[in-house]
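> One structure follows; several queries about it will come next.
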Amino acid sequence: MGPEDLDQILKGLPLPKDPKVLVGLDTSDDAGVYQLNDEVALVQTVDFFTPIVDDPFTFGQIAVANALSDVYAMGGTPLTGMNLVAFPIKTLSPSILKEILLGGLSKMEEAGVALVGGHSIEDPEIKYGLAVTGVVHPKKILTNAKAKKGDKLVLTKPLGTGIISTALKGGMASEEAVRKIVESMVTLNQTASEWMKKFGAHACTDITGFSFIGHALEMAIASRVGMVIQSKAIPIFPEAMDYAKLGLIPGGAYSNRDFFSCRVEVHSNVPDLLVDILYDPQTSGGLLISLPSNEAEKLVASLKKEGHIHSCIVGEVVEEPRGKIRLL
Amino acid sequence: MPVIDCRGLACPQPVVNTKQALDQLKEGELVVIVDNASSCGNVERFAQSQGCQVKVERREQNFYLNIQKAKGKNEGNMARPDGKAKKVVIYINSDLLGGGDEALGSFLMKAFLKTLLDLETKPSRLILVNSGVQLAAEGSKVLESLQMLSEKGVEIVCCGTCIDFYELKGKMKTGMISNMYDIIQSMLEADRVIRP
C-alpha cells in the first residue's frame with residue numbers, strides 16, 4: 001500500500017503502551033523490537049509480495065533477502081523464519097512453488113536462519129515472503145531515530161529496481177538491466193549491517209517500498225534533523241533513467257511523490273528523471289546508514305572490499321530544515 | 001481515430017498498449033483513456049519520448065490523452081524493444097563499392113548514398129575510412145548526398161589519419177574529423193554496423 005493510505009489507516013489505532021516494546025509502530029521503523037531481559041531483545045518483521053522476476057528460484061531468493069533486510073537494518077541478527085505462501089495450486093504446477101521455496105531456503109542458509117514453519121493459502125496470484133525473528137542487544141538497537149547533525153549518510157545499493165521491474169513486466173527491459181537488479185536484490189544486507197556496527201553507526205534504515213526519499217525522510221523526522229543529499233553521488237542503475245523517460249514508472253513512485261514531496265526541496269540543477277528514481281519503490285534495497293563523518297569513508301572502503309561496490313556517501317545530516325530533505 | 005481504453009489496467013500495461021497502438025499507426029491521432037494519474041503521467045511521457053504531441057483532458061475520474069503522431073517519427077522498425085532508437089552505423093572504407101571494376105564501383109557508391117538518402121530509415125552515423133574519406137572531400141561526386149544526409153541528422157565521421165595520408169586537409173567539405181578510438185567506440189556501441 002502507498003504511504004498515504006497506510007498513514008490514514010494506522011492513524012488513531014488504539015495501540016497499547018508497553019514499556020517492553022522498545023521500537024513500535026510510532027516511528028515508522030523497519031522492525032518491531034521487544035525487550036526480553038537486560039541482554040536480549042526480539043526483533044520481528046514480516047514482508048511478502050508478488051513475483052517481480054520470471055524465475056521462481058530467483059523470486060524466492062529476492063523475497064527472503066528483502067524480508068531479512070529489516071532485521072539487519074535494526075542492527076539485529078535474524079534467527080528463524082516462517083514462510084508465507086499464496087499460490088494457485090489448481091492452475092499452476094506445484095514444482096514452481098517448490099522452486100520458490102528452494103530459492104528462499106538458499107538465502108536463509110546463507111544468512112544462517114532456520115526455517116521453522118509457515119502458512120499457505122490458495123490464491124489466484126502468487127505471493128511469497130517471510131516472517132522473521134531475530135535478536136539484538138537492547139542497548140545496541142539501530143533505529144532510524146538517532147541520526148546526528150554532522151553525520152554522513154552512506155547508501156549501499158543502487159536505486160531503480162522498481163522502474164526496471166516495471167519495464168520487465170512491460171517486456172521492455174534489457175537482459176543486462178534485469179541481470180543487474182537481480183544481482184543487487186538477492187544480495188543480503190548482512191555484511192553491510194556488520195560493518196556499520198563496527199564503524200559506530202548512529203542510525204540505519206533499509207530502502208524499500210517508500211523509496212530513497214521516503215525512507216530517508218522517515219529517518220530525518222524520527223531523528224528531528226534535516227538532510228542534504230548530493231544527487232550526483234547517488235548510485236543508480238543507468239537503465240532506470242532510460243525506462244523512466246519511457247513512462248515505465250510504477251504507480252508506487254507516484255504515491256511516494258504525492259506523499260513525501262512537500263518535505264523535499266529540489267535544487268533546479270537536479271534532473272527530473274533522477275528525482276523520479278529517488279521516489280522509485282525499491283525491492284530488497286540497500287541500507288541507508290547515518291554515521292560519524294570521520295568513519296564514513298572507512299565504512300565505504302570496507303563495504304567495497306566486501307563486494308558492495310556501489311556503496312557511497314550520498315549526503316549529510318544537518319540541523320535545519322528539520323524533518324526535510326534538500327536535494328542538491 | 002483509434003481509441004485505446006486502458007481503464008482498470010495497472011502500470012505498465014497502459015504504456016505497453018499505447019506502444020503497440022503507436023507502432024501500428026503510421027501517422028495521425030490516437031486517444032488513450034486511463035483512470036489514474038500515474039498511468040496518465042506514464043503514457044504522456046512515453047508518447048513524448050516517441051516524438052508525439054500529447055494533450056491531456058480530464059473528464060470526471062478519467063484522463064483522455066490525445067496523442068498526435070507525425071509522419072516518419074519512430075517507425076516501428078527503428079525502435080528497440082526497450083523503446084530507444086536503434087543505432088545503425090555505416091562503415092565505408094573505400095571510395096568504391098565492391099571490389100570489381102572501378103567505374104562500376106564508383107557508380108554503385110553514388111547510387112548507394114543517394115538511395116540511403118531517399119529511405120525513411122536512416123543510420124545514426126556514417127564512418128569514412130581509408131579512401132572512403134575522399135567521398136567527403138572537394139571534387140567528390142557524392143558530396144551533395146553526404147551533405148544532405150548530414151542535414152537529416154546522420155553524423156558523418158572521417159578518419160583523421162586517412163585525411164592526412166591523402167593530403168586532404170583543408171579540402172574536407174562535410175563531416176567531422178575523428179580518430180580510431182572514437183570510431184571503434186561507436187562501432188562497439190552500435191546495434192548494427194553495415195559495410196556496403
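Scheme for the C-alpha cells: letters A, B, ... for chains in order shown; per-chain residue numbers from 1; ligand numbers from 1 in order shown.
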Up to 12 Å from chain A, what residues of chain B turn up? Count only C-alpha atoms and give them as a VMD selection string.
chain B and resid 9 to 20 36 to 51 79 to 85
> Write the selection just made, keeping N, CA and C atoms, as a tab-separated table (two decimals), in the first residue's frame?

```tsv
chain	number	residue	atom	x	y	z
B	9	LEU	N	-6.45	-0.92	-15.87
B	9	LEU	CA	-5.18	-1.63	-16.05
B	9	LEU	C	-4.09	-1.00	-15.17
B	10	ALA	N	-3.22	-1.87	-14.64
B	10	ALA	CA	-2.14	-1.38	-13.77
B	10	ALA	C	-0.89	-1.12	-14.60
B	11	CYS	N	0.00	-0.25	-14.09
B	11	CYS	CA	1.29	0.02	-14.73
B	11	CYS	C	2.05	-1.29	-14.88
B	12	PRO	N	2.75	-1.57	-15.96
B	12	PRO	CA	2.99	-0.71	-17.12
B	12	PRO	C	2.05	-0.99	-18.29
B	13	GLN	N	0.94	-1.70	-18.08
B	13	GLN	CA	0.10	-2.13	-19.20
B	13	GLN	C	-0.38	-0.97	-20.09
B	14	PRO	N	-0.84	0.16	-19.52
B	14	PRO	CA	-1.26	1.25	-20.41
B	14	PRO	C	-0.14	1.70	-21.35
B	15	VAL	N	1.10	1.72	-20.87
B	15	VAL	CA	2.23	2.12	-21.71
B	15	VAL	C	2.45	1.07	-22.81
B	16	VAL	N	2.37	-0.20	-22.42
B	16	VAL	CA	2.57	-1.29	-23.39
B	16	VAL	C	1.51	-1.21	-24.49
B	17	ASN	N	0.24	-1.00	-24.09
B	17	ASN	CA	-0.84	-0.92	-25.08
B	17	ASN	C	-0.67	0.30	-25.98
B	18	THR	N	-0.23	1.42	-25.39
B	18	THR	CA	-0.01	2.63	-26.19
B	18	THR	C	1.11	2.40	-27.19
B	19	LYS	N	2.18	1.72	-26.74
B	19	LYS	CA	3.31	1.44	-27.62
B	19	LYS	C	2.86	0.63	-28.83
B	20	GLN	N	2.06	-0.42	-28.55
B	20	GLN	CA	1.59	-1.27	-29.65
B	20	GLN	C	0.75	-0.47	-30.64
B	36	ASN	N	-6.25	6.74	-13.83
B	36	ASN	CA	-5.49	7.23	-12.67
B	36	ASN	C	-4.33	8.09	-13.12
B	37	ALA	N	-3.89	8.96	-12.20
B	37	ALA	CA	-2.88	9.97	-12.53
B	37	ALA	C	-1.53	9.34	-12.89
B	38	SER	N	-1.16	8.22	-12.24
B	38	SER	CA	0.14	7.61	-12.55
B	38	SER	C	0.17	7.12	-13.99
B	39	SER	N	-0.90	6.39	-14.40
B	39	SER	CA	-0.93	5.88	-15.77
B	39	SER	C	-0.93	7.03	-16.75
B	40	CYS	N	-1.65	8.10	-16.41
B	40	CYS	CA	-1.70	9.27	-17.28
B	40	CYS	C	-0.28	9.84	-17.46
B	41	GLY	N	0.44	10.00	-16.34
B	41	GLY	CA	1.80	10.52	-16.40
B	41	GLY	C	2.70	9.63	-17.24
B	42	ASN	N	2.56	8.32	-17.05
B	42	ASN	CA	3.42	7.38	-17.76
B	42	ASN	C	3.15	7.37	-19.27
B	43	VAL	N	1.87	7.33	-19.64
B	43	VAL	CA	1.53	7.30	-21.07
B	43	VAL	C	1.98	8.61	-21.74
B	44	GLU	N	1.78	9.72	-21.02
B	44	GLU	CA	2.18	11.02	-21.57
B	44	GLU	C	3.70	11.04	-21.84
B	45	ARG	N	4.47	10.57	-20.86
B	45	ARG	CA	5.92	10.50	-21.02
B	45	ARG	C	6.31	9.62	-22.19
B	46	PHE	N	5.67	8.45	-22.26
B	46	PHE	CA	6.05	7.52	-23.32
B	46	PHE	C	5.82	8.17	-24.68
B	47	ALA	N	4.62	8.75	-24.86
B	47	ALA	CA	4.29	9.34	-26.16
B	47	ALA	C	5.28	10.46	-26.48
B	48	GLN	N	5.61	11.27	-25.48
B	48	GLN	CA	6.55	12.37	-25.73
B	48	GLN	C	7.94	11.82	-26.10
B	49	SER	N	8.33	10.73	-25.44
B	49	SER	CA	9.64	10.15	-25.74
B	49	SER	C	9.69	9.63	-27.17
B	50	GLN	N	8.52	9.36	-27.76
B	50	GLN	CA	8.46	8.88	-29.14
B	50	GLN	C	8.24	10.03	-30.12
B	51	GLY	N	8.40	11.25	-29.63
B	51	GLY	CA	8.30	12.41	-30.50
B	51	GLY	C	6.88	12.82	-30.85
B	79	ALA	N	12.68	1.11	-33.59
B	79	ALA	CA	12.63	1.12	-32.12
B	79	ALA	C	13.15	-0.20	-31.58
B	80	ARG	N	13.95	-0.12	-30.57
B	80	ARG	CA	14.42	-1.33	-29.91
B	80	ARG	C	13.35	-1.77	-28.95
B	81	PRO	N	13.46	-3.03	-28.45
B	81	PRO	CA	12.42	-3.48	-27.52
B	81	PRO	C	12.33	-2.57	-26.31
B	82	ASP	N	13.42	-1.93	-25.92
B	82	ASP	CA	13.33	-1.06	-24.76
B	82	ASP	C	12.91	0.36	-25.16
B	83	GLY	N	12.51	0.51	-26.43
B	83	GLY	CA	11.93	1.79	-26.84
B	83	GLY	C	12.94	2.79	-27.37
B	84	LYS	N	14.20	2.55	-27.16
B	84	LYS	CA	15.19	3.50	-27.66
B	84	LYS	C	15.38	3.29	-29.15
B	85	ALA	N	15.79	4.35	-29.87
B	85	ALA	CA	16.02	4.21	-31.30
B	85	ALA	C	17.23	3.31	-31.52
```
> Find the residues around Met187 in chain B up to 10 Å (only C-alpha atoms counted), leave out those fewer than 3 positions away in its own chain, and share them as JSON, numbers by chain.
{"B": [87, 88, 89, 90, 91, 125, 127, 182, 183, 184, 190, 191, 192, 193, 194]}
> Put those residues in a file: N, CA and C atoms, as a PDB file, in the first residue's frame.

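Listing of selection08.pdb after writing:
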```pdb
ATOM      1  N   LYS B  87      20.663   2.051 -33.036  1.00  0.00           N
ATOM      2  CA  LYS B  87      21.847   2.731 -33.537  1.00  0.00           C
ATOM      3  C   LYS B  87      22.426   1.903 -34.666  1.00  0.00           C
ATOM      4  N   VAL B  88      22.300   2.421 -35.872  1.00  0.00           N
ATOM      5  CA  VAL B  88      22.877   1.727 -37.017  1.00  0.00           C
ATOM      6  C   VAL B  88      24.043   2.574 -37.516  1.00  0.00           C
ATOM      7  N   VAL B  89      25.197   1.941 -37.688  1.00  0.00           N
ATOM      8  CA  VAL B  89      26.377   2.645 -38.141  1.00  0.00           C
ATOM      9  C   VAL B  89      26.767   2.083 -39.509  1.00  0.00           C
ATOM     10  N   ILE B  90      27.038   2.969 -40.463  1.00  0.00           N
ATOM     11  CA  ILE B  90      27.505   2.510 -41.773  1.00  0.00           C
ATOM     12  C   ILE B  90      29.000   2.804 -41.883  1.00  0.00           C
ATOM     13  N   TYR B  91      29.753   1.783 -42.245  1.00  0.00           N
ATOM     14  CA  TYR B  91      31.203   1.869 -42.268  1.00  0.00           C
ATOM     15  C   TYR B  91      31.673   1.763 -43.715  1.00  0.00           C
ATOM     16  N   ARG B 125      25.047   7.063 -37.854  1.00  0.00           N
ATOM     17  CA  ARG B 125      26.395   7.512 -38.132  1.00  0.00           C
ATOM     18  C   ARG B 125      26.924   6.892 -39.417  1.00  0.00           C
ATOM     19  N   ILE B 127      30.660   6.279 -41.163  1.00  0.00           N
ATOM     20  CA  ILE B 127      32.098   6.410 -40.905  1.00  0.00           C
ATOM     21  C   ILE B 127      32.870   6.254 -42.219  1.00  0.00           C
ATOM     22  N   ASP B 182      37.421   6.844 -31.229  1.00  0.00           N
ATOM     23  CA  ASP B 182      36.016   7.225 -31.342  1.00  0.00           C
ATOM     24  C   ASP B 182      35.278   6.324 -32.330  1.00  0.00           C
ATOM     25  N   ILE B 183      35.979   5.978 -33.423  1.00  0.00           N
ATOM     26  CA  ILE B 183      35.357   5.144 -34.453  1.00  0.00           C
ATOM     27  C   ILE B 183      35.039   3.751 -33.900  1.00  0.00           C
ATOM     28  N   ILE B 184      36.009   3.176 -33.214  1.00  0.00           N
ATOM     29  CA  ILE B 184      35.784   1.830 -32.658  1.00  0.00           C
ATOM     30  C   ILE B 184      34.697   1.867 -31.588  1.00  0.00           C
ATOM     31  N   ALA B 190      27.116   0.274 -31.336  1.00  0.00           N
ATOM     32  CA  ALA B 190      26.020   0.215 -32.308  1.00  0.00           C
ATOM     33  C   ALA B 190      25.245  -1.090 -32.188  1.00  0.00           C
ATOM     34  N   ASP B 191      23.947  -1.033 -32.534  1.00  0.00           N
ATOM     35  CA  ASP B 191      23.169  -2.261 -32.610  1.00  0.00           C
ATOM     36  C   ASP B 191      23.560  -3.034 -33.863  1.00  0.00           C
ATOM     37  N   ARG B 192      23.936  -2.300 -34.905  1.00  0.00           N
ATOM     38  CA  ARG B 192      24.312  -2.934 -36.158  1.00  0.00           C
ATOM     39  C   ARG B 192      25.355  -2.084 -36.861  1.00  0.00           C
ATOM     40  N   VAL B 193      26.356  -2.711 -37.463  1.00  0.00           N
ATOM     41  CA  VAL B 193      27.312  -1.990 -38.296  1.00  0.00           C
ATOM     42  C   VAL B 193      27.174  -2.559 -39.703  1.00  0.00           C
ATOM     43  N   ILE B 194      26.934  -1.673 -40.668  1.00  0.00           N
ATOM     44  CA  ILE B 194      26.751  -2.135 -42.049  1.00  0.00           C
ATOM     45  C   ILE B 194      27.939  -1.685 -42.877  1.00  0.00           C
TER      46      ILE B 194
END
```
> Could you give me, as JSON, numbers by chain, the residues within 12 Å of Gln190 in chain A, counting only C-alpha atoms and dropping anything in the same chain fewer than 4 positions from it?
{"A": [65, 66, 67, 68, 69, 70, 71, 72, 73, 74, 75, 76, 77, 78, 107, 108, 110, 111, 112, 113, 156, 186, 194, 195, 196, 197, 206, 286, 287, 303, 306, 307, 308]}
> For C-alpha atoms, I'd like the residues from the last selection saved as a compact mmCIF listing (two decimals), in the first residue's frame.

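New file out-v1.txt:
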```txt
# COMPACT_ATOMS: atom_id res chain seq x y z
CA ALA A 65 16.73 -11.22 1.18
CA ASN A 66 14.12 -8.47 1.31
CA ALA A 67 12.40 -9.80 4.46
CA LEU A 68 15.66 -10.34 6.35
CA SER A 69 16.81 -6.83 5.50
CA ASP A 70 14.58 -5.21 8.14
CA VAL A 71 16.37 -7.13 10.88
CA TYR A 72 19.79 -6.17 9.51
CA ALA A 73 18.70 -2.54 9.32
CA MET A 74 17.99 -2.61 13.08
CA GLY A 75 21.46 -3.98 13.76
CA GLY A 76 19.98 -7.36 14.73
CA THR A 77 20.78 -10.97 13.91
CA PRO A 78 17.96 -12.97 12.28
CA LYS A 107 19.12 -17.38 1.21
CA MET A 108 18.11 -18.47 4.73
CA GLU A 110 23.38 -18.14 3.59
CA ALA A 111 22.09 -15.93 6.41
CA GLY A 112 22.24 -18.72 9.00
CA VAL A 113 18.47 -18.54 9.54
CA THR A 156 24.90 0.56 -0.02
CA VAL A 186 19.45 -11.18 -3.97
CA GLU A 194 28.04 -5.99 10.39
CA TRP A 195 30.34 -3.29 9.06
CA MET A 196 28.12 -0.36 10.01
CA LYS A 197 28.10 -1.63 13.62
CA ASP A 206 16.68 -0.06 4.58
CA GLY A 286 20.33 -1.20 0.33
CA LEU A 287 20.89 0.24 3.79
CA LEU A 303 31.93 -2.26 2.05
CA GLU A 306 33.25 -6.89 0.73
CA GLY A 307 31.57 -6.69 -2.67
CA HIS A 308 29.13 -3.82 -2.04
```
> Need to verify the contact set: Gly118 in chain A, 12 Å, only C-alpha atoms, exclusion of same-chain residues closer than 6 positions in sequence. Can you return it as number ranges by chain?
A: 46, 80-86, 101, 128-132
> Would you output that residue set with N, CA and C atoms, as a compact mmCIF listing (two decimals), in the first residue's frame?

```txt
# COMPACT_ATOMS: atom_id res chain seq x y z
N VAL A 46 7.91 -8.81 9.07
CA VAL A 46 7.27 -9.68 8.07
C VAL A 46 7.15 -8.92 6.76
N THR A 80 15.26 -17.09 13.05
CA THR A 80 14.29 -18.02 12.47
C THR A 80 13.39 -17.32 11.46
N GLY A 81 12.87 -18.13 10.54
CA GLY A 81 11.94 -17.59 9.55
C GLY A 81 10.75 -18.51 9.39
N MET A 82 9.60 -17.94 9.03
CA MET A 82 8.41 -18.72 8.72
C MET A 82 7.88 -18.26 7.37
N ASN A 83 7.69 -19.24 6.47
CA ASN A 83 7.22 -18.90 5.11
C ASN A 83 5.78 -18.42 5.10
N LEU A 84 5.51 -17.46 4.25
CA LEU A 84 4.15 -17.03 3.94
C LEU A 84 3.93 -17.29 2.47
N VAL A 85 2.93 -18.10 2.15
CA VAL A 85 2.76 -18.52 0.77
C VAL A 85 1.31 -18.36 0.32
N ALA A 86 1.11 -17.72 -0.83
CA ALA A 86 -0.18 -17.73 -1.51
C ALA A 86 0.09 -18.29 -2.90
N LEU A 101 10.36 -21.91 -2.94
CA LEU A 101 10.76 -22.22 -1.56
C LEU A 101 12.24 -22.60 -1.48
N TYR A 128 4.84 -14.54 -2.00
CA TYR A 128 5.75 -15.25 -1.12
C TYR A 128 6.53 -14.26 -0.28
N GLY A 129 6.82 -14.68 0.93
CA GLY A 129 7.63 -13.84 1.81
C GLY A 129 7.92 -14.58 3.09
N LEU A 130 8.34 -13.82 4.08
CA LEU A 130 8.85 -14.44 5.29
C LEU A 130 8.50 -13.59 6.51
N ALA A 131 8.15 -14.30 7.62
CA ALA A 131 8.09 -13.63 8.92
C ALA A 131 9.41 -14.00 9.60
N VAL A 132 10.11 -13.00 10.11
CA VAL A 132 11.45 -13.24 10.64
C VAL A 132 11.53 -12.85 12.10
```
